[in-house]
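Peer 1: Input: one structure, supplied below.
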Amino acid sequence: MEDLIVYRMGDERYFVVPNAANATRVLRMLEEERAPGPLHLVFHQDWCFLAVQGPRSVEVVGALFLEAADLGFMECTEVEYRRRPVILTRSGYTGELGFELFTYQDIALDLWRALMDAGEPFAIEPCGLGARDVLRLEMGYPLYGQDLSEERTALEAGLSWTIAFDKGDFRGRDALLLQREEGIPGRLRGLLMQDRRHIPRAHCSVLAGGERVGEVTSGTFSPLLERGIALAYVAPADGYEPGRKLEVDVRGRTGTAEVVRPPFVNRNPR
């Protein structure tokens with residue numbers, strides 16, 4: 001299961017952004033599933049992307065690209081920087097108001113510097129995947145390689161809204177229909193720790209009455225909530241609804257957690 005995004009650039013033109021680890025695999029699948037007729041696939045191996053996230057991101061990105069102010073959530077447009085193409089999208093994986101910019105490597109550093117200069121009046125700061133991971137987990141966004149994998153389906157991950165069973169055949173459709181009919185073996189749930197001393201991490205065991213019922217896939221400390229939060233697969237899927245109390249074994253110490261429905265923090269990026 002992948003968490004790619006597909007942007008529609010025109011009537012017959014699309015921009016696909018997969019997880020970096022799956023880029024070549026997604027390209028291969030597109031080639032294998034191509035319909036009869038002309039189709040041109042371009043693999044942008046020499047592109048990179050920058051993300052500008054936060055409540056002042058419209059001003060920062062808008063200082064370079066006026067089009068930023070008109071973009072709606074998950075919309076995209078094509079702009080130029082130093083006569084080179086840039087795909088500007090109103091998206092991000094933090095839950096904050098923000099943008100992602102895709103362009104060629106040869107101008108990416110200059111674009112980075114220009115964005116940092118534009119953000120200086122707003123105290124912009126560079127950040128890495130650690131900060132991004134806290135923000136996306138506070139929103140309950142699942143991450144490929146941790147919460148999403150080949151061993152779990154979209155039904156198990158609580159992403160049934162992404163599946164269109166009434167729009168023809170697709171890879172995995174029969175397996176999903178069978179799982180829906182027979183029952184989902186487990187379900188990805190949000191866990192809010194009740195004591196700030198317990199910070200769950202990936203692979204921590206989830207317990208119910210001392211019995212192991214699941215495993216944490218992503219966990220961290222939320223600075224806003226001042227408590228640990230986690231995503232975890234628990235089984236059975238319909239046995240642990242929001243409000244239920246469970247335990248998490250954090251390096252030999254057991255802490256109580258409440259099953260909640262993400263997001264843990266609602267930033268309302270739209």
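In the structure tokens, chains take the letters A, B, ... in the order shown, each chain's residues start at 1, and ligands count up from 1 in the order shown.
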Would you mind listing what lies within 7 Å of region 149-164 of chain A as a short mmCIF file (atom, residue, chain, number, x, y, z; two decimals) with N, CA and C atoms, in the first residue's frame, with only C-alpha atoms counted and same-chain residues fewer than 5 positions away left out?

Peer 2:
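Output (selection.cif):
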```
data_model
loop_
_atom_site.label_atom_id
_atom_site.label_comp_id
_atom_site.auth_asym_id
_atom_site.auth_seq_id
_atom_site.Cartn_x
_atom_site.Cartn_y
_atom_site.Cartn_z
N MET A 1 0.85 -1.18 0.00
CA MET A 1 0.00 0.00 0.00
C MET A 1 0.89 1.24 0.00
N TYR A 144 4.31 5.60 5.00
CA TYR A 144 4.72 4.37 4.34
C TYR A 144 6.05 3.90 4.94
N ILE A 184 -12.07 -7.59 8.70
CA ILE A 184 -10.74 -7.01 8.77
C ILE A 184 -10.02 -7.56 10.00
N GLY A 186 -7.29 -6.60 11.65
CA GLY A 186 -6.79 -5.62 12.61
C GLY A 186 -7.06 -4.21 12.08
N ARG A 187 -6.85 -3.22 12.95
CA ARG A 187 -7.17 -1.86 12.55
C ARG A 187 -6.17 -0.88 13.15
N LEU A 188 -5.77 0.11 12.35
CA LEU A 188 -4.86 1.14 12.83
C LEU A 188 -5.64 2.12 13.72
#
```

Peer 1: Might you pull out every residue within 12 Å of region 16-21 of chain A, with only C-alpha atoms counted and same-chain residues fewer than 6 positions away left off, and present them as a short mmCIF file (atom, residue, chain, number, x, y, z; two decimals) with C-alpha atoms, in the first residue's frame?

Peer 2:
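Produced file selection10.cif, reproduced below:
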```cif
data_model
loop_
_atom_site.label_atom_id
_atom_site.label_comp_id
_atom_site.auth_asym_id
_atom_site.auth_seq_id
_atom_site.Cartn_x
_atom_site.Cartn_y
_atom_site.Cartn_z
CA MET A 1 0.00 0.00 0.00
CA GLU A 2 1.44 3.35 -1.09
CA ASP A 3 0.60 6.93 -0.07
CA LEU A 4 1.28 8.65 -3.39
CA ILE A 5 -0.41 11.88 -4.54
CA VAL A 6 -1.60 12.44 -8.11
CA TYR A 7 -2.02 16.04 -9.28
CA ARG A 8 -4.01 16.80 -12.42
CA MET A 9 -2.01 19.29 -14.48
CA LEU A 27 6.79 3.86 -12.51
CA MET A 29 3.30 -0.34 -12.38
CA LEU A 30 2.20 2.61 -14.50
CA LEU A 41 5.89 8.74 -18.90
CA VAL A 42 8.65 11.00 -17.56
CA PHE A 43 10.68 9.95 -14.50
CA HIS A 44 12.12 13.11 -12.89
CA GLN A 45 15.22 11.64 -11.28
CA TRP A 47 14.20 16.85 -9.52
CA CYS A 48 13.93 17.62 -5.83
CA PHE A 49 11.27 19.21 -3.67
CA CYS A 76 -1.29 22.76 -8.03
CA ILE A 87 5.43 22.77 -9.87
CA THR A 89 1.30 22.58 -4.82
CA SER A 91 0.01 20.51 0.19
CA GLY A 92 2.31 19.05 2.81
CA TYR A 93 2.62 16.26 5.33
CA GLU A 100 5.49 21.92 -1.73
CA LEU A 101 7.70 23.02 -4.60
CA PHE A 102 9.14 20.60 -7.17
CA LEU A 143 3.64 6.94 6.91
CA TYR A 144 4.72 4.37 4.34
CA GLY A 145 7.32 2.01 5.75
CA LEU A 148 1.58 1.53 5.72
CA SER A 149 3.20 -1.54 4.22
#
```

Peer 1: Region 168-229 of chain A: which residues are helix (DSSP H, G or I) by DSSP, as an NGL selection string?

Peer 2: :A and (173-182)

Peer 1: Which neighbours of region 204-206 of chain A fall inside 6 Å, counting only C-alpha atoms, when residues of the same chain fewer than 5 positions from it are skipped, and could you give them as a VMD selection string?

Peer 2: chain A and resid 212 to 216 247 to 249

Peer 1: Provide the CA of Gly210 (chain A) to CA of Pro142 (chain A) distance in Å, to one decimal place.

Peer 2: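 Distance reported for this atom pair: 26.7 Å.
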
Peer 1: What lies within 12 Å of Ala114 (chain A) using only C-alpha atoms, ignoring chain neighbours under 3 positions off, as number ranges by chain?

Peer 2: A: 50, 52, 60-65, 81-82, 107-111, 117-120, 124

Peer 1: Would you mind exporting N, CA and C atoms of the selected residues as a PDB file, in the first residue's frame?

Peer 2:
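Output saved as result.pdb:
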```pdb
ATOM      1  N   LEU A  50      10.986  21.026  -2.161  1.00  0.00           N
ATOM      2  CA  LEU A  50      11.112  21.788  -0.928  1.00  0.00           C
ATOM      3  C   LEU A  50       9.715  21.998  -0.354  1.00  0.00           C
ATOM      4  N   VAL A  52       7.433  24.295   2.318  1.00  0.00           N
ATOM      5  CA  VAL A  52       7.306  25.469   3.176  1.00  0.00           C
ATOM      6  C   VAL A  52       5.997  25.315   3.933  1.00  0.00           C
ATOM      7  N   VAL A  60       5.315  33.777   2.593  1.00  0.00           N
ATOM      8  CA  VAL A  60       6.673  33.405   2.205  1.00  0.00           C
ATOM      9  C   VAL A  60       6.716  32.976   0.734  1.00  0.00           C
ATOM     10  N   VAL A  61       5.885  32.011   0.387  1.00  0.00           N
ATOM     11  CA  VAL A  61       5.884  31.518  -0.990  1.00  0.00           C
ATOM     12  C   VAL A  61       5.320  32.578  -1.937  1.00  0.00           C
ATOM     13  N   GLY A  62       4.343  33.342  -1.466  1.00  0.00           N
ATOM     14  CA  GLY A  62       3.754  34.391  -2.300  1.00  0.00           C
ATOM     15  C   GLY A  62       4.721  35.494  -2.650  1.00  0.00           C
ATOM     16  N   ALA A  63       5.781  35.656  -1.850  1.00  0.00           N
ATOM     17  CA  ALA A  63       6.789  36.665  -2.180  1.00  0.00           C
ATOM     18  C   ALA A  63       7.545  36.312  -3.449  1.00  0.00           C
ATOM     19  N   LEU A  64       7.577  35.021  -3.787  1.00  0.00           N
ATOM     20  CA  LEU A  64       8.255  34.566  -4.999  1.00  0.00           C
ATOM     21  C   LEU A  64       7.269  34.230  -6.106  1.00  0.00           C
ATOM     22  N   PHE A  65       6.100  33.704  -5.721  1.00  0.00           N
ATOM     23  CA  PHE A  65       5.112  33.267  -6.704  1.00  0.00           C
ATOM     24  C   PHE A  65       3.743  33.800  -6.299  1.00  0.00           C
ATOM     25  N   TYR A  81      10.954  29.759 -12.002  1.00  0.00           N
ATOM     26  CA  TYR A  81      11.936  30.435 -11.180  1.00  0.00           C
ATOM     27  C   TYR A  81      13.237  30.455 -11.968  1.00  0.00           C
ATOM     28  N   ARG A  82      13.710  31.651 -12.261  1.00  0.00           N
ATOM     29  CA  ARG A  82      14.913  31.819 -13.082  1.00  0.00           C
ATOM     30  C   ARG A  82      14.798  31.051 -14.401  1.00  0.00           C
ATOM     31  N   ILE A 107      18.605  24.428  -9.708  1.00  0.00           N
ATOM     32  CA  ILE A 107      18.164  25.706  -9.146  1.00  0.00           C
ATOM     33  C   ILE A 107      17.580  25.536  -7.737  1.00  0.00           C
ATOM     34  N   ALA A 108      17.555  24.319  -7.235  1.00  0.00           N
ATOM     35  CA  ALA A 108      16.913  24.063  -5.946  1.00  0.00           C
ATOM     36  C   ALA A 108      17.585  24.824  -4.809  1.00  0.00           C
ATOM     37  N   LEU A 109      18.909  24.888  -4.811  1.00  0.00           N
ATOM     38  CA  LEU A 109      19.613  25.583  -3.736  1.00  0.00           C
ATOM     39  C   LEU A 109      19.316  27.075  -3.778  1.00  0.00           C
ATOM     40  N   ASP A 110      19.303  27.655  -4.978  1.00  0.00           N
ATOM     41  CA  ASP A 110      18.969  29.072  -5.095  1.00  0.00           C
ATOM     42  C   ASP A 110      17.540  29.338  -4.645  1.00  0.00           C
ATOM     43  N   LEU A 111      16.636  28.438  -4.995  1.00  0.00           N
ATOM     44  CA  LEU A 111      15.246  28.589  -4.582  1.00  0.00           C
ATOM     45  C   LEU A 111      15.135  28.483  -3.061  1.00  0.00           C
ATOM     46  N   ASP A 117      15.147  33.765   2.606  1.00  0.00           N
ATOM     47  CA  ASP A 117      15.186  35.232   2.670  1.00  0.00           C
ATOM     48  C   ASP A 117      13.777  35.803   2.807  1.00  0.00           C
ATOM     49  N   ALA A 118      12.833  35.220   2.031  1.00  0.00           N
ATOM     50  CA  ALA A 118      11.448  35.699   2.090  1.00  0.00           C
ATOM     51  C   ALA A 118      10.819  35.408   3.446  1.00  0.00           C
ATOM     52  N   GLY A 119      11.265  34.355   4.102  1.00  0.00           N
ATOM     53  CA  GLY A 119      10.694  33.988   5.387  1.00  0.00           C
ATOM     54  C   GLY A 119      11.379  34.600   6.589  1.00  0.00           C
ATOM     55  N   GLU A 120      12.480  35.327   6.369  1.00  0.00           N
ATOM     56  CA  GLU A 120      13.220  35.905   7.490  1.00  0.00           C
ATOM     57  C   GLU A 120      12.362  36.825   8.366  1.00  0.00           C
ATOM     58  N   ILE A 124      11.467  32.318   9.956  1.00  0.00           N
ATOM     59  CA  ILE A 124      11.480  30.991   9.337  1.00  0.00           C
ATOM     60  C   ILE A 124      12.684  30.205   9.834  1.00  0.00           C
TER      61      ILE A 124
END
```

Peer 1: Compare A:Leu178, A:Asn22, A:Glu59, A:Met193 by their minimum atom-to-atom distance to Leu115 (chain A), counting only C-alpha atoms, and give me the closest one.

Peer 2: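 Looking only at the distances to Leu115 (chain A), the closest residue turns out to be A:Glu59.
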